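Peer 1: Below is the structure I would like to discuss, written out as structure tokens.
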Amino acid sequence: MAIENCSRCGVQLVVPQDAQTIRCAVCQAITRVHSYYPLAQARESATRFTSGLISMVSSNISGMTGSVSSSSYPVPGYGGYYAQPPIRPVLQLPLPSMHGRKRALLCGVSYRGKSYKIKGSINDVKCMRYFLVEKFGFPNDSILMLTEDETNPLKIPTKENIRLALRWLVQGCQPGDSLVFHFSGHGSKQLDYDMDEVDGFDETLCPLDYETRGMIVDDEINATIVRPLPQGATLHAIIDACYSQTVLDLPFVCRMNREGYYTWEDQTRSPYKGTSGGLAFCISACDDNQTSVDTTALAGNASTGALTYCFIQAVQNEPGLTYGRLLNSMRQVIRGAKTGGLRLNGPIAALVNKALFNTEITQEPQLSSSETFDIYAKQFIL
């Protein structure tokens, strides 16, 4: 048997002997099998194993696509064999197959054991998952959660796992799809070296291992989940992190004053950062020069992010609201937090009801988009 890379998604496939084509179990693409002389095939197999094992094992997130058992490859002229060690099963999260599907990626990073740990991030994504399932009908098996509570090592919110999960989110995206990306954790910024930022800084998300592996930059996030979005598909990002207004690098930013009047600010630079015809929205915790906060929960000593709380409360309390009403409602919760009279109502209350008072909050939820529109006319829907 030989090993081929899928012509579409790049995952490695085990090819039966004499096969001329093979179908990828991940993306269903048909790949033509190349012919090799035995010596070249053996050498390439050994090279692929040493250089591609990590990316192959991490190419998918949950489920099983198969495994390769230990085998040996004869090497004519060398009087011996290249021993191929066992390869761990490739993990895949089953993807919904129908049009109009809903899919969500929820990342909660608490940075346990660090001086900069966050108390509420994992609670945030648990609340968001419950909310998406109960309020908007997202199937449980189409929601991927990355937290430090997970036992599967591929679901820990490391830089590589988040990157892979972002690719999973848009993989095979079609018209009618509704995608959600929710991140709760630290955000930061760094100098912009490619001169595509108005303020001279790239915004970033901080994975669990960012101190050793680095941060995930807005340019990469845009290229991964914004640019491929096809016409008829919609992406909503809810980013509960500092410095997060333009972390998706969307072309337009909504500037709203305290009276609710707004203007769209064009952030367009070269290269183009929009979609491939789809709609992308980002609801972020604060401006690119602001920080966000956790809030103390009512149940026990748990915490949640202020943005997550405000978002859920606004959508829960006012069905059918527009983007303008959503933004205003979230800001009213933030501004009225110290009165102690703002509590979440409805069936989700038992899970996420919490107090915002006694917390100094200066952040203002923000909205950015891949295109401009009347925020008081367009209905918010996931």
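To be explicit about the labels: the chains of the structure tokens are called A, B, and onward in the order shown, and within each one the residues are counted from 1, while ligands get numbers from 1 in the order they are shown.
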For range 138-154 of chain A, find every residue with an atom within 6 Å (counting only C-alpha atoms), except residues of its own chain fewer than 3 positions away, and show them as JSON, numbers by chain.

Peer 2: {"A": [102, 103, 104, 105, 106, 107, 108, 109, 132, 133, 157]}

Peer 1: Excluding Cys173 in chain A and residues on its chain fewer than 3 positions from it, collect all residues at most 10 Å away from it, counting only C-alpha atoms, and give them as a ChimeraX atom specification.

Peer 2: /A:99-101,103,168-170,176-179,228-234

Peer 1: Take the residues from that selection and put them in a file with all heavy atoms, as a compact mmCIF listing (two decimals), in the first residue's frame.

Peer 2:
# COMPACT_ATOMS: atom_id res chain seq x y z
N HIS A 99 -27.48 21.04 3.35
CA HIS A 99 -27.40 22.49 3.14
C HIS A 99 -28.11 23.20 4.29
O HIS A 99 -29.00 22.66 4.93
CB HIS A 99 -28.04 22.86 1.81
CG HIS A 99 -27.21 22.49 0.63
ND1 HIS A 99 -26.68 23.41 -0.23
CD2 HIS A 99 -26.79 21.29 0.18
CE1 HIS A 99 -25.98 22.81 -1.17
NE2 HIS A 99 -26.04 21.51 -0.96
N GLY A 100 -27.76 24.46 4.50
CA GLY A 100 -28.39 25.23 5.54
C GLY A 100 -28.00 24.78 6.93
O GLY A 100 -28.67 25.08 7.91
N ARG A 101 -26.87 24.09 7.07
CA ARG A 101 -26.48 23.56 8.36
C ARG A 101 -25.92 24.67 9.25
O ARG A 101 -25.47 25.70 8.78
CB ARG A 101 -25.46 22.44 8.22
CG ARG A 101 -24.13 22.84 7.62
CD ARG A 101 -23.27 21.61 7.40
NE ARG A 101 -21.97 21.95 6.87
CZ ARG A 101 -21.69 22.00 5.58
NH1 ARG A 101 -22.65 21.78 4.70
NH2 ARG A 101 -20.48 22.30 5.16
N ARG A 103 -23.10 25.45 12.33
CA ARG A 103 -21.87 24.91 12.89
C ARG A 103 -21.24 25.99 13.77
O ARG A 103 -21.25 27.17 13.41
CB ARG A 103 -20.92 24.51 11.78
CG ARG A 103 -19.77 23.61 12.24
CD ARG A 103 -18.76 23.39 11.13
NE ARG A 103 -19.34 22.84 9.92
CZ ARG A 103 -18.63 22.57 8.82
NH1 ARG A 103 -17.33 22.83 8.80
NH2 ARG A 103 -19.21 22.08 7.76
N TRP A 168 -11.74 23.77 10.30
CA TRP A 168 -12.91 22.89 10.36
C TRP A 168 -14.20 23.70 10.24
O TRP A 168 -15.15 23.28 9.58
CB TRP A 168 -12.91 22.12 11.67
CG TRP A 168 -14.23 21.45 11.96
CD1 TRP A 168 -14.65 20.24 11.50
CD2 TRP A 168 -15.30 21.98 12.77
NE1 TRP A 168 -15.93 19.99 11.98
CE2 TRP A 168 -16.35 21.02 12.75
CE3 TRP A 168 -15.46 23.15 13.51
CZ2 TRP A 168 -17.54 21.22 13.44
CZ3 TRP A 168 -16.65 23.35 14.19
CH2 TRP A 168 -17.68 22.39 14.16
N LEU A 169 -14.24 24.87 10.86
CA LEU A 169 -15.45 25.66 10.90
C LEU A 169 -15.95 26.00 9.50
O LEU A 169 -17.16 26.00 9.24
CB LEU A 169 -15.21 26.95 11.70
CG LEU A 169 -16.42 27.87 11.89
CD1 LEU A 169 -17.50 27.18 12.71
CD2 LEU A 169 -15.99 29.19 12.55
N VAL A 170 -15.04 26.30 8.58
CA VAL A 170 -15.45 26.73 7.24
C VAL A 170 -15.30 25.63 6.20
O VAL A 170 -15.66 25.84 5.04
CB VAL A 170 -14.64 27.98 6.80
CG1 VAL A 170 -14.94 29.15 7.69
CG2 VAL A 170 -13.15 27.68 6.76
N GLY A 176 -26.32 29.09 2.55
CA GLY A 176 -27.32 28.71 3.55
C GLY A 176 -26.74 28.31 4.88
O GLY A 176 -27.47 28.17 5.86
N ASP A 177 -25.42 28.15 4.95
CA ASP A 177 -24.78 27.75 6.21
C ASP A 177 -24.71 28.93 7.18
O ASP A 177 -24.52 30.08 6.77
CB ASP A 177 -23.36 27.24 5.96
CG ASP A 177 -23.35 25.88 5.29
OD1 ASP A 177 -24.44 25.35 5.01
OD2 ASP A 177 -22.24 25.36 5.02
N SER A 178 -24.86 28.64 8.47
CA SER A 178 -24.71 29.63 9.52
C SER A 178 -23.59 29.18 10.44
O SER A 178 -23.68 28.13 11.08
CB SER A 178 -26.02 29.78 10.32
OG SER A 178 -25.85 30.68 11.41
N LEU A 179 -22.52 29.97 10.51
CA LEU A 179 -21.34 29.62 11.29
C LEU A 179 -21.18 30.60 12.45
O LEU A 179 -21.44 31.79 12.31
CB LEU A 179 -20.09 29.66 10.42
CG LEU A 179 -20.15 28.94 9.07
CD1 LEU A 179 -18.83 29.09 8.33
CD2 LEU A 179 -20.50 27.48 9.25
N PRO A 228 -12.75 32.74 2.76
CA PRO A 228 -13.37 31.63 2.03
C PRO A 228 -14.90 31.63 2.07
O PRO A 228 -15.52 30.81 1.40
CB PRO A 228 -12.84 30.38 2.75
CG PRO A 228 -11.74 30.85 3.65
CD PRO A 228 -12.07 32.26 3.98
N LEU A 229 -15.54 32.52 2.81
CA LEU A 229 -16.99 32.46 3.05
C LEU A 229 -17.75 32.70 1.74
O LEU A 229 -17.69 33.79 1.19
CB LEU A 229 -17.37 33.49 4.10
CG LEU A 229 -18.66 33.25 4.90
CD1 LEU A 229 -18.51 32.00 5.76
CD2 LEU A 229 -18.98 34.45 5.75
N PRO A 230 -18.49 31.70 1.24
CA PRO A 230 -19.15 31.85 -0.06
C PRO A 230 -20.45 32.63 0.04
O PRO A 230 -21.01 32.82 1.13
CB PRO A 230 -19.41 30.39 -0.47
CG PRO A 230 -19.63 29.68 0.83
CD PRO A 230 -18.70 30.34 1.81
N GLN A 231 -20.95 33.05 -1.09
CA GLN A 231 -22.22 33.78 -1.14
C GLN A 231 -23.33 32.91 -0.55
O GLN A 231 -23.43 31.72 -0.82
CB GLN A 231 -22.55 34.15 -2.59
CG GLN A 231 -23.79 35.02 -2.71
CD GLN A 231 -23.96 35.55 -4.12
OE1 GLN A 231 -23.21 35.21 -5.02
NE2 GLN A 231 -24.96 36.40 -4.33
N GLY A 232 -24.17 33.53 0.28
CA GLY A 232 -25.26 32.81 0.91
C GLY A 232 -24.93 32.23 2.26
O GLY A 232 -25.82 31.77 2.98
N ALA A 233 -23.66 32.23 2.64
CA ALA A 233 -23.24 31.75 3.96
C ALA A 233 -23.02 32.94 4.89
O ALA A 233 -22.67 34.04 4.45
CB ALA A 233 -21.97 30.92 3.86
N THR A 234 -23.23 32.71 6.20
CA THR A 234 -23.10 33.79 7.18
C THR A 234 -22.22 33.34 8.34
O THR A 234 -22.36 32.22 8.84
CB THR A 234 -24.48 34.19 7.74
OG1 THR A 234 -25.34 34.55 6.66
CG2 THR A 234 -24.36 35.37 8.69

Peer 1: Which is closest to Arg129 in chain A among A:Leu13, A:Leu248, A:Phe380, A:Thr308, if we use only C-alpha atoms?

Peer 2: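 Smallest separation from Arg129 in chain A among the options: A:Thr308.
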
Peer 1: Just to confirm, what's the straight-line distance from CA of Cys310 in chain A to CA of Ile334 in chain A in Å (one decimal)?

Peer 2: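 About the pair CA of Cys310 in chain A and CA of Ile334 in chain A: they are 7.3 Å apart.
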
Peer 1: One decimal, in Å: what's the spacing between CA of Glu197 in chain A and CA of Arg269 in chain A?

Peer 2: 7.4 Å

Peer 1: What does the structure give for the distance between CA of Lys155 in chain A and CA of Gly305 in chain A, in Å to one decimal?

Peer 2: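 The value is 21.1 Å.
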
Peer 1: Between A:Leu307, A:Val125, A:Leu327, A:Leu321, which is the closest to Ala377 in chain A once you count only C-alpha atoms?

Peer 2: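 Of all the options, A:Leu321 lies closest to Ala377 in chain A.
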
Peer 1: Using only C-alpha atoms, determine which residues lie at most 7 Å from range 20-23 of chain A, disregarding the query and same-chain residues fewer than 6 positions distant; provide the list as a ChimeraX atom specification.

Peer 2: /A:29-33

Peer 1: I'd like the contact shell of Ala280 in chain A - 6 Å cut-off, only C-alpha atoms, skipping same-chain residues fewer than 5 positions apart - returned as an MDAnalysis selection string.

Peer 2: chainID A and resid 234:235 369:370

Peer 1: Save the residues we just selected, all heavy atoms, as a PDB file, in the first residue's frame?

Peer 2:
ATOM      1  N   THR A 234     -23.229  32.711   6.196  1.00  0.00           N
ATOM      2  CA  THR A 234     -23.105  33.785   7.184  1.00  0.00           C
ATOM      3  C   THR A 234     -22.224  33.338   8.342  1.00  0.00           C
ATOM      4  O   THR A 234     -22.358  32.216   8.836  1.00  0.00           O
ATOM      5  CB  THR A 234     -24.479  34.189   7.738  1.00  0.00           C
ATOM      6  OG1 THR A 234     -25.338  34.554   6.657  1.00  0.00           O
ATOM      7  CG2 THR A 234     -24.365  35.367   8.692  1.00  0.00           C
ATOM      8  N   LEU A 235     -21.336  34.219   8.757  1.00  0.00           N
ATOM      9  CA  LEU A 235     -20.466  33.978   9.905  1.00  0.00           C
ATOM     10  C   LEU A 235     -20.708  35.055  10.949  1.00  0.00           C
ATOM     11  O   LEU A 235     -20.693  36.243  10.640  1.00  0.00           O
ATOM     12  CB  LEU A 235     -18.991  34.003   9.479  1.00  0.00           C
ATOM     13  CG  LEU A 235     -17.953  34.078  10.605  1.00  0.00           C
ATOM     14  CD1 LEU A 235     -17.904  32.757  11.382  1.00  0.00           C
ATOM     15  CD2 LEU A 235     -16.571  34.423  10.050  1.00  0.00           C
ATOM     16  N   SER A 369     -18.197  44.479  10.221  1.00  0.00           N
ATOM     17  CA  SER A 369     -18.893  43.678   9.217  1.00  0.00           C
ATOM     18  C   SER A 369     -18.127  43.667   7.906  1.00  0.00           C
ATOM     19  O   SER A 369     -17.272  44.524   7.651  1.00  0.00           O
ATOM     20  CB  SER A 369     -20.302  44.243   8.999  1.00  0.00           C
ATOM     21  OG  SER A 369     -20.966  43.584   7.951  1.00  0.00           O
ATOM     22  N   SER A 370     -18.472  42.672   7.079  1.00  0.00           N
ATOM     23  CA  SER A 370     -17.874  42.591   5.750  1.00  0.00           C
ATOM     24  C   SER A 370     -18.542  43.547   4.768  1.00  0.00           C
ATOM     25  O   SER A 370     -18.043  43.750   3.664  1.00  0.00           O
ATOM     26  CB  SER A 370     -17.976  41.160   5.215  1.00  0.00           C
ATOM     27  OG  SER A 370     -19.332  40.716   5.195  1.00  0.00           O
TER      28      SER A 370
END

Peer 1: Using backbone DSSP assignments, extract all helix (DSSP H, G or I) residues from range 92-139 of chain A; output them as an MDAnalysis selection string.

Peer 2: chainID A and resid 121:136

Peer 1: Give me, as a ChimeraX atom specification, the residues of range 87-332 of chain A that a backbone DSSP run labels strand (DSSP E).

Peer 2: /A:102-108,143-146,178-184,187-191,201-205,216-217,234-240,252-256,262-266,279-284,294-296,303-305

Peer 1: For Arg213 in chain A, which residue out of A:Thr268, A:Ala241, A:Thr158, A:Gly113 is the nearest one, using only C-alpha atoms?

Peer 2: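 Comparing A:Thr268, A:Ala241, A:Thr158, A:Gly113 against Arg213 in chain A, the winner is A:Thr158.
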
Peer 1: Pick the closest to Val226 in chain A from A:Pro365, A:Pro175, A:Gly277, A:Gly120: which is it, counting only C-alpha atoms?

Peer 2: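 Among A:Pro365, A:Pro175, A:Gly277, A:Gly120, it is A:Gly277 that comes nearest to Val226 in chain A.
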